[in-house]
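Student: work01.txt is reproduced in full below (compact mmCIF, C-alpha atoms).
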```txt
# COMPACT_ATOMS: atom_id res chain seq x y z
CA MET A 1 -55.48 -14.86 84.56
CA ILE A 2 -57.07 -18.29 84.30
CA HIS A 3 -60.70 -19.11 85.02
CA LEU A 4 -62.15 -22.61 85.12
CA TYR A 5 -65.79 -23.18 84.19
CA LYS A 6 -67.52 -26.35 85.24
CA VAL A 7 -70.62 -28.02 83.89
CA GLY A 8 -73.47 -25.92 85.23
CA GLY A 9 -71.58 -22.63 84.93
CA ALA A 10 -69.64 -22.59 88.20
CA LYS A 11 -66.58 -20.34 87.83
CA THR A 12 -63.37 -20.61 89.83
CA PRO A 13 -60.05 -18.79 89.39
CA MET A 14 -56.94 -20.91 88.97
CA SER A 15 -53.51 -20.06 90.31
CA SER A 16 -50.48 -20.73 88.13
CA THR A 17 -48.09 -21.03 91.08
CA GLY A 18 -46.93 -24.28 92.58
CA THR A 19 -47.36 -27.79 91.22
CA PRO A 20 -50.29 -28.13 88.80
CA ALA A 21 -53.18 -29.98 90.42
CA PRO A 22 -55.24 -32.31 88.20
CA LEU A 23 -58.38 -30.76 86.82
CA GLU A 24 -61.74 -32.02 88.00
CA ASP A 25 -63.67 -34.06 85.45
CA ASP A 26 -66.52 -31.53 85.21
CA VAL A 27 -64.21 -28.65 84.16
CA ILE A 28 -65.38 -28.02 80.61
CA TRP A 29 -63.92 -24.58 79.71
CA ILE A 30 -60.56 -23.02 80.57
CA ASP A 31 -60.59 -19.31 79.81
CA MET A 32 -57.19 -17.58 79.75
CA LEU A 33 -57.35 -13.78 79.75
CA ASP A 34 -54.07 -12.02 78.97
CA PRO A 35 -52.09 -15.04 80.28
CA THR A 36 -48.56 -14.68 81.60
CA GLU A 37 -45.73 -17.06 80.77
CA ASP A 38 -46.38 -18.86 84.06
CA ASP A 39 -50.05 -19.26 83.15
CA MET A 40 -49.15 -20.69 79.75
CA ARG A 41 -46.58 -23.08 81.22
CA HIS A 42 -49.00 -24.18 83.93
CA ILE A 43 -51.73 -25.21 81.46
CA GLU A 44 -49.23 -26.82 79.11
CA GLU A 45 -47.92 -29.04 81.90
CA LEU A 46 -51.43 -29.81 83.08
CA LEU A 47 -52.92 -30.80 79.72
CA GLY A 48 -49.82 -31.76 77.76
CA VAL A 49 -50.46 -29.30 74.93
CA VAL A 50 -48.44 -26.48 73.42
CA LEU A 51 -50.36 -23.21 73.63
CA PRO A 52 -50.02 -20.59 70.87
CA THR A 53 -48.31 -17.32 71.75
CA ARG A 54 -49.83 -13.90 71.23
CA GLU A 55 -47.69 -13.39 68.12
CA SER A 56 -48.79 -16.68 66.58
CA LEU A 57 -52.44 -15.76 67.09
CA LYS A 58 -51.92 -12.81 64.73
CA ASP A 59 -50.62 -15.05 61.93
CA ILE A 60 -52.95 -14.87 58.93
CA GLU A 61 -51.80 -18.10 57.26
CA PRO A 62 -54.58 -20.75 57.33
CA SER A 63 -52.04 -23.42 58.30
CA SER A 64 -51.26 -21.38 61.42
CA ARG A 65 -54.87 -20.63 62.30
CA TYR A 66 -56.47 -24.06 61.88
CA TYR A 67 -54.51 -27.22 62.54
CA THR A 68 -54.39 -30.41 64.60
CA ASP A 69 -51.49 -31.54 66.75
CA GLY A 70 -52.08 -35.00 68.14
CA ASP A 71 -55.49 -35.01 69.81
CA ALA A 72 -55.50 -31.23 70.24
CA VAL A 73 -57.23 -28.96 67.72
CA TYR A 74 -56.05 -25.36 67.33
CA MET A 75 -58.17 -22.58 65.82
CA THR A 76 -58.01 -18.78 65.71
CA ALA A 77 -60.72 -16.23 64.95
CA SER A 78 -61.02 -12.45 65.07
CA VAL A 79 -63.83 -10.89 67.10
CA VAL A 80 -65.09 -7.29 66.97
CA MET A 81 -64.85 -5.30 70.20
CA ASN A 82 -65.09 -1.73 71.55
CA VAL A 83 -68.22 -1.16 69.48
CA ASP A 84 -69.92 0.96 72.14
CA PHE A 85 -66.99 3.39 72.26
CA GLY A 86 -66.87 4.14 68.53
CA LEU A 87 -63.38 2.65 68.09
CA ALA A 88 -64.23 -0.80 66.79
CA HIS A 89 -61.30 -3.11 66.18
CA LEU A 90 -60.54 -6.81 65.99
CA THR A 91 -58.90 -8.99 68.58
CA ASP A 92 -57.48 -12.43 67.78
CA ILE A 93 -58.66 -15.27 70.01
CA GLY A 94 -57.29 -18.79 70.15
CA PHE A 95 -59.59 -21.79 70.58
CA ILE A 96 -58.09 -25.16 71.55
CA LEU A 97 -59.95 -28.44 71.98
CA ALA A 98 -57.96 -30.83 74.14
CA GLU A 99 -59.00 -33.73 76.38
CA GLY A 100 -62.67 -32.95 75.90
CA ARG A 101 -62.25 -29.36 77.12
CA LEU A 102 -62.30 -25.98 75.44
CA ILE A 103 -59.37 -23.65 76.06
CA THR A 104 -59.61 -20.02 74.98
CA ILE A 105 -56.65 -17.64 74.87
CA ARG A 106 -57.45 -13.98 74.56
CA HIS A 107 -55.74 -10.67 75.26
CA ALA A 108 -58.88 -8.53 75.35
CA GLU A 109 -62.40 -8.71 76.75
CA PRO A 110 -64.97 -8.86 73.95
CA LYS A 111 -68.54 -8.65 75.15
CA PRO A 112 -69.60 -12.13 73.86
CA PHE A 113 -67.32 -13.84 76.40
CA PHE A 114 -68.94 -11.99 79.27
CA LEU A 115 -72.40 -12.90 77.95
CA PHE A 116 -71.43 -16.53 77.39
CA ALA A 117 -69.94 -16.92 80.87
CA ALA A 118 -73.19 -15.60 82.35
CA ASP A 119 -75.30 -18.04 80.30
CA MET A 120 -73.23 -21.17 80.87
CA LYS A 121 -75.54 -22.39 83.59
CA ARG A 122 -78.32 -22.96 81.06
CA LEU A 123 -76.21 -24.92 78.56
CA GLU A 124 -76.95 -28.59 78.09
CA VAL A 125 -73.39 -29.93 78.16
CA ALA A 126 -71.72 -32.84 79.86
CA PRO A 127 -68.11 -33.47 80.87
CA GLY A 128 -65.93 -34.09 77.84
CA GLN A 129 -68.11 -32.03 75.46
CA GLY A 130 -65.66 -29.18 74.83
CA ALA A 131 -66.62 -29.11 71.16
CA LYS A 132 -70.23 -28.45 72.09
CA VAL A 133 -69.15 -25.63 74.40
CA LEU A 134 -67.21 -24.16 71.46
CA ALA A 135 -70.32 -24.36 69.28
CA TYR A 136 -72.36 -22.54 71.92
CA LEU A 137 -69.63 -19.91 72.29
CA LEU A 138 -69.55 -19.35 68.53
CA ASP A 139 -73.33 -18.98 68.59
CA THR A 140 -73.01 -16.26 71.24
CA ILE A 141 -70.35 -14.46 69.21
CA VAL A 142 -72.52 -14.60 66.10
CA ASP A 143 -75.54 -13.28 68.02
CA ARG A 144 -73.47 -10.36 69.27
CA THR A 145 -72.26 -9.71 65.72
CA ALA A 146 -75.87 -9.59 64.57
CA GLU A 147 -76.59 -6.99 67.26
CA ILE A 148 -73.65 -4.92 66.03
CA LEU A 149 -75.02 -4.95 62.49
CA GLU A 150 -78.48 -3.99 63.74
CA LEU A 151 -76.94 -1.09 65.66
CA ALA A 152 -75.05 0.02 62.55
CA VAL A 153 -78.21 -0.16 60.41
CA ALA A 154 -80.19 1.93 62.92
CA LYS A 155 -77.48 4.59 63.14
CA ILE A 156 -77.08 4.72 59.36
CA ASP A 157 -80.85 5.16 58.94
CA ASN A 158 -80.74 8.09 61.36
CA ILE A 159 -77.92 9.68 59.38
CA SER A 160 -79.80 9.12 56.13
CA ILE A 161 -82.93 10.77 57.54
CA ALA A 162 -80.88 13.71 58.82
CA VAL A 163 -79.29 14.21 55.42
CA PHE A 164 -82.12 13.35 53.01
CA GLY A 165 -85.26 13.16 55.16
CA GLU A 166 -88.31 15.38 55.29
CA GLY A 167 -87.39 19.03 55.46
CA ALA A 168 -83.98 18.50 53.88
CA ARG A 169 -85.05 19.73 50.44
CA GLY A 170 -84.01 23.30 49.85
CA ARG A 171 -82.38 23.62 53.27
CA ARG A 172 -78.89 25.03 53.32
CA ARG A 173 -76.50 22.88 55.34
CA PRO A 174 -73.49 24.51 56.96
CA PRO A 175 -70.15 22.83 56.15
CA ALA A 176 -69.68 21.84 59.81
CA GLU A 177 -72.89 19.78 59.75
CA LEU A 178 -71.90 17.90 56.60
CA GLU A 179 -68.40 17.34 57.96
CA GLU A 180 -69.91 15.83 61.11
CA ARG A 181 -72.08 13.52 59.01
CA LEU A 182 -69.04 12.37 57.05
CA ILE A 183 -67.21 11.53 60.26
CA GLU A 184 -70.20 9.51 61.50
CA ILE A 185 -70.47 7.66 58.19
CA SER A 186 -66.76 6.81 58.21
CA THR A 187 -67.10 5.50 61.79
CA TYR A 188 -69.87 3.08 60.85
CA HIS A 189 -68.10 2.15 57.64
CA ARG A 190 -65.15 1.05 59.77
CA LEU A 191 -67.49 -0.85 62.10
CA VAL A 192 -69.14 -2.78 59.27
CA SER A 193 -65.78 -3.43 57.64
CA LYS A 194 -64.39 -4.91 60.86
CA THR A 195 -67.56 -6.95 61.29
CA ARG A 196 -67.20 -8.43 57.81
CA ASP A 197 -63.57 -9.34 58.53
CA SER A 198 -64.65 -11.01 61.76
CA LEU A 199 -67.42 -12.96 60.02
CA THR A 200 -64.91 -14.23 57.46
CA THR A 201 -62.70 -15.72 60.15
CA LEU A 202 -65.70 -17.12 62.04
CA SER A 203 -66.99 -18.74 58.86
CA ARG A 204 -63.67 -20.46 58.26
CA LEU A 205 -63.54 -21.60 61.88
CA ALA A 206 -67.11 -22.98 61.79
CA THR A 207 -66.35 -24.84 58.58
CA TYR A 208 -63.21 -26.33 60.08
CA VAL A 209 -65.04 -27.39 63.25
CA GLN A 210 -67.60 -29.31 61.21
CA THR A 211 -64.82 -31.44 59.69
CA LEU A 212 -63.73 -32.76 63.10
CA ARG A 213 -64.69 -36.35 63.83
CA ARG A 214 -65.73 -35.53 67.41
CA VAL A 215 -68.24 -33.06 65.97
CA ARG A 216 -69.51 -35.31 63.19
CA ASP A 217 -70.14 -38.11 65.70
CA ASP A 218 -72.22 -35.86 67.98
CA LYS A 219 -75.50 -35.03 66.26
CA ALA A 220 -76.45 -32.19 68.62
CA THR A 221 -73.08 -30.48 68.22
CA LYS A 222 -73.09 -31.08 64.47
CA ASP A 223 -76.56 -29.53 64.09
CA LEU A 224 -75.58 -26.54 66.24
CA CYS A 225 -72.44 -25.95 64.16
CA ARG A 226 -74.51 -26.14 60.99
CA ILE A 227 -76.93 -23.53 62.32
CA VAL A 228 -74.06 -21.26 63.37
CA SER A 229 -72.45 -21.63 59.95
CA HIS A 230 -75.75 -20.74 58.23
CA ASP A 231 -76.18 -17.69 60.48
CA ILE A 232 -72.67 -16.52 59.66
CA GLN A 233 -73.38 -16.80 55.95
CA SER A 234 -76.62 -14.81 56.29
CA LEU A 235 -74.89 -12.13 58.35
CA SER A 236 -72.07 -11.88 55.82
CA GLU A 237 -74.57 -11.22 53.04
CA HIS A 238 -76.39 -8.68 55.20
CA ALA A 239 -73.09 -6.97 56.09
CA GLY A 240 -72.33 -6.65 52.37
CA PHE A 241 -75.73 -5.01 51.82
CA VAL A 242 -75.15 -2.60 54.72
CA ALA A 243 -71.70 -1.76 53.37
CA SER A 244 -73.19 -0.89 49.98
CA ASN A 245 -75.73 1.40 51.68
CA ILE A 246 -72.96 3.14 53.58
CA THR A 247 -71.03 3.64 50.34
CA PHE A 248 -74.12 5.17 48.72
CA LEU A 249 -74.67 7.43 51.72
CA LEU A 250 -71.03 8.49 51.66
CA ASP A 251 -71.15 9.30 47.94
CA SER A 252 -74.41 11.19 48.41
CA SER A 253 -72.99 13.25 51.28
CA LEU A 254 -69.94 14.12 49.20
CA GLY A 255 -72.32 15.10 46.40
CA LEU A 256 -74.16 17.44 48.76
CA ILE A 257 -70.86 19.03 49.75
CA ASN A 258 -70.08 19.57 46.08
CA LEU A 259 -73.53 21.12 45.58
CA GLU A 260 -72.97 23.48 48.48
CA GLN A 261 -69.62 24.49 47.03
CA ASN A 262 -71.20 24.96 43.61
CA ASN A 263 -73.92 27.14 45.15
CA ILE A 264 -71.27 29.33 46.74
CA MET A 265 -69.42 29.67 43.45
CA LYS A 266 -72.73 30.30 41.70
CA LEU A 267 -73.47 33.13 44.14
CA PHE A 268 -70.14 34.76 43.42
CA SER A 269 -70.72 34.35 39.68
CA VAL A 270 -74.18 35.96 39.89
CA VAL A 271 -72.81 38.87 41.92
CA SER A 272 -70.05 39.35 39.36
CA VAL A 273 -72.54 39.39 36.46
CA VAL A 274 -74.86 41.84 38.25
CA PHE A 275 -72.11 44.32 39.15
CA ALA A 276 -70.06 44.00 35.98
CA PRO A 277 -72.04 46.58 33.85
CA PRO A 278 -72.17 49.23 36.62
CA MET A 279 -68.46 48.78 37.24
CA LEU A 280 -67.80 49.17 33.52
CA ILE A 281 -69.71 52.45 33.46
CA ALA A 282 -67.98 53.66 36.62
CA GLY A 283 -64.62 52.72 35.10
CA ILE A 284 -65.32 54.63 31.91
CA TYR A 285 -66.25 57.82 33.73
CA GLY A 286 -63.35 57.50 36.09
CA MET A 287 -60.63 57.69 33.40
CA ASN A 288 -60.09 61.48 33.84
CA PHE A 289 -59.25 62.29 30.24
CA ASP A 290 -59.30 66.03 29.38
CA LYS A 291 -61.63 65.68 26.40
CA MET A 292 -64.63 63.97 28.06
CA PRO A 293 -67.63 66.34 27.54
CA GLU A 294 -69.83 64.38 29.97
CA LEU A 295 -67.64 65.44 32.88
CA HIS A 296 -68.94 69.01 32.49
CA PHE A 297 -72.64 68.12 32.22
CA SER A 298 -74.64 69.24 35.24
CA TRP A 299 -76.82 66.10 34.98
CA GLY A 300 -73.86 63.76 34.28
CA TYR A 301 -73.58 62.35 37.81
CA PRO A 302 -77.23 61.35 38.29
CA ALA A 303 -77.30 60.07 34.68
CA ALA A 304 -74.30 57.81 35.37
CA LEU A 305 -75.88 56.51 38.60
CA GLY A 306 -79.16 55.84 36.80
CA LEU A 307 -77.41 54.04 33.98
CA MET A 308 -75.49 51.88 36.44
CA PHE A 309 -78.73 50.98 38.26
CA LEU A 310 -80.54 50.16 35.03
CA THR A 311 -77.74 47.92 33.73
CA GLY A 312 -77.58 46.11 37.08
CA ALA A 313 -81.36 45.60 37.10
CA ALA A 314 -81.27 44.37 33.51
CA ALA A 315 -78.62 41.82 34.49
CA VAL A 316 -80.83 40.58 37.36
CA VAL A 317 -83.84 40.22 35.04
CA TRP A 318 -81.75 38.33 32.49
CA LEU A 319 -80.39 35.96 35.15
CA ARG A 320 -83.91 35.25 36.44
CA LYS A 321 -85.15 34.40 32.95
CA ARG A 322 -82.23 32.01 32.56
CA GLY A 323 -83.10 30.35 35.89
CA TRP A 324 -79.73 31.18 37.41
CA LEU A 325 -81.11 33.41 40.16
```
Step by step, read the file and then write its structure as structure tokens.

Tutor:
Amino acid sequence: MIHLYKVGGAKTPMSSTGTPAPLEDDVIWIDMLDPTEDDMRHIEELLGVVLPTRESLKDIEPSSRYYTDGDAVYMTASVVMNVDFGLAHLTDIGFILAEGRLITIRHAEPKPFFLFAADMKRLEVAPGQGAKVLAYLLDTIVDRTAEILELAVAKIDNISIAVFGEGARGRRRPPAELEERLIEISTYHRLVSKTRDSLTTLSRLATYVQTLRRVRDDKATKDLCRIVSHDIQSLSEHAGFVASNITFLLDSSLGLINLEQNNIMKLFSVVSVVFAPPMLIAGIYGMNFDKMPELHFSWGYPAALGLMFLTGAAAVVWLRKRGWL
């Protein structure tokens, strides 16, 4: 599917059938969503460029992600998506600057593209300023990334309050509750990890864009790229801080699980100590040897019960003095 965006934000679909018709001068952005082979061939014939395939977009080599071929500039970045559904992952997106236009190739629908398409009408761009459109698009992606980090921070704070907040001291937590907290923490750890990976690729892309002559010669675009690059750096540092907090929270939750397990083992140990002396007495008087005079005492049974009670009580008193009970 191909959509053409003109200066002012007007959006029109483009058919890949038939003979390619020349693009109007005010077409500034060509967005290709999950393009077919016919779509790719159509744009290649129209603009005289070779578009990267879906497989080449996944290449991690810098020489395959950022390069120039003639007057066309090819770049690839990874963007976080599916954040709202708890299954955050990265999608690789190709950015091509050719003939003063921006071409994007994507096989998913990250939210920043929807937001950017809706805001195109307010952009101050003119025909031939594809690099400036790219800078604005990167700014939208970075803003969305900042929102993702803010969401992660808010959720992590809620988890931290639930685990260590007021009323948590001395409260026994069932294993199912702690297990649920661990799953939530791992979910947001994955989200922040994917966000950091995305910011790394965006940082490299923003740096590469600033080296282009068409960007250096346009002060407005150059300043916007510099701001975007600075924002990416700040977000990367913030993402590292959030990741360290998640690691601390994960370690603390695992520590609580260990404490709960230790308390259970401690309970069994205390019970064993309390009942050990009475069981010893009961074992002695249950041996059924012939020459055991106590077996014939009329007061032997209550005496044995009393002795077992006293030894158990003495064990409880001793454990309390030791602070184990």

Student: Using only C-alpha atoms, give me every residue within 10 Å of (-50.1, -14.2, 74.4) in file coordinates, as a list in words.

Tutor: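 Residues lying no farther than 10 Å from the given point: Met32, Leu33, Asp34, Pro35, Thr36, Glu37, Met40, Leu51, Pro52, Thr53, Arg54, Glu55, Ser56, Leu57, Lys58, Ile93, Gly94, Ile105, Arg106 and His107 of chain A.
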
Student: Under the rule of at most 6 Å, produce a per-residue listing of region 193-304 of chain A near region 76-90 of chain A: chain, number, name, the closest pair of atoms, and the distance in Å, as a tab-separated table, using only C-alpha atoms.

Tutor:
```
residue	atom	partner	partner_atom	distance
A:Ser198	CA	A:Ser78	CA	5.1
A:Thr201	CA	A:Ala77	CA	5.2
A:Leu202	CA	A:Ala77	CA	5.8
```

Student: Calculate how many Å separate CA of Thr140 (chain A) from CA of Phe113 (chain A), rounding to one decimal.

Tutor: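 Taking CA of Thr140 (chain A) and CA of Phe113 (chain A), their separation equals 8.1 Å.
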
Student: Check the smallest atom-to-atom distance from each of A:Asp218, A:Leu305, A:Ile141, A:Asp119 to Ile281 (chain A) using all atoms listed in the file, then report the winner.

Tutor: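 Smallest distance to Ile281 (chain A) is found for A:Leu305.
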
Student: What is the distance, in Å and to one decimal place, between CA of Ser64 (chain A) and CA of Gly48 (chain A)?

Tutor: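 Here the two named atoms are 19.4 Å from each other.
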
Student: Calculated over all atoms listed in the file, which of the candidates A:Ala239, A:Val317, A:Ile161, A:Met14 has the smallest distance to Val274 (chain A)?

Tutor: A:Val317

Student: May I ask which of the residues A:Phe248, A:Tyr136, A:Trp299, A:Phe268 is the closest one to Asp223 (chain A), counting all atoms listed in the file?

Tutor: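 With all atoms listed in the file as the atom set, the closest residue is A:Tyr136.
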
Student: Using all atoms listed in the file, which residue out of A:Val133, A:Leu115, A:Val125, A:Val49 lies closest to Ala98 (chain A)?

Tutor: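 Smallest distance to Ala98 (chain A) is found for A:Val49.
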
Student: CA of Glu124 (chain A) to CA of Ala10 (chain A): how many Å, to one decimal?

Tutor: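 About the pair CA of Glu124 (chain A) and CA of Ala10 (chain A): they are 13.8 Å apart.
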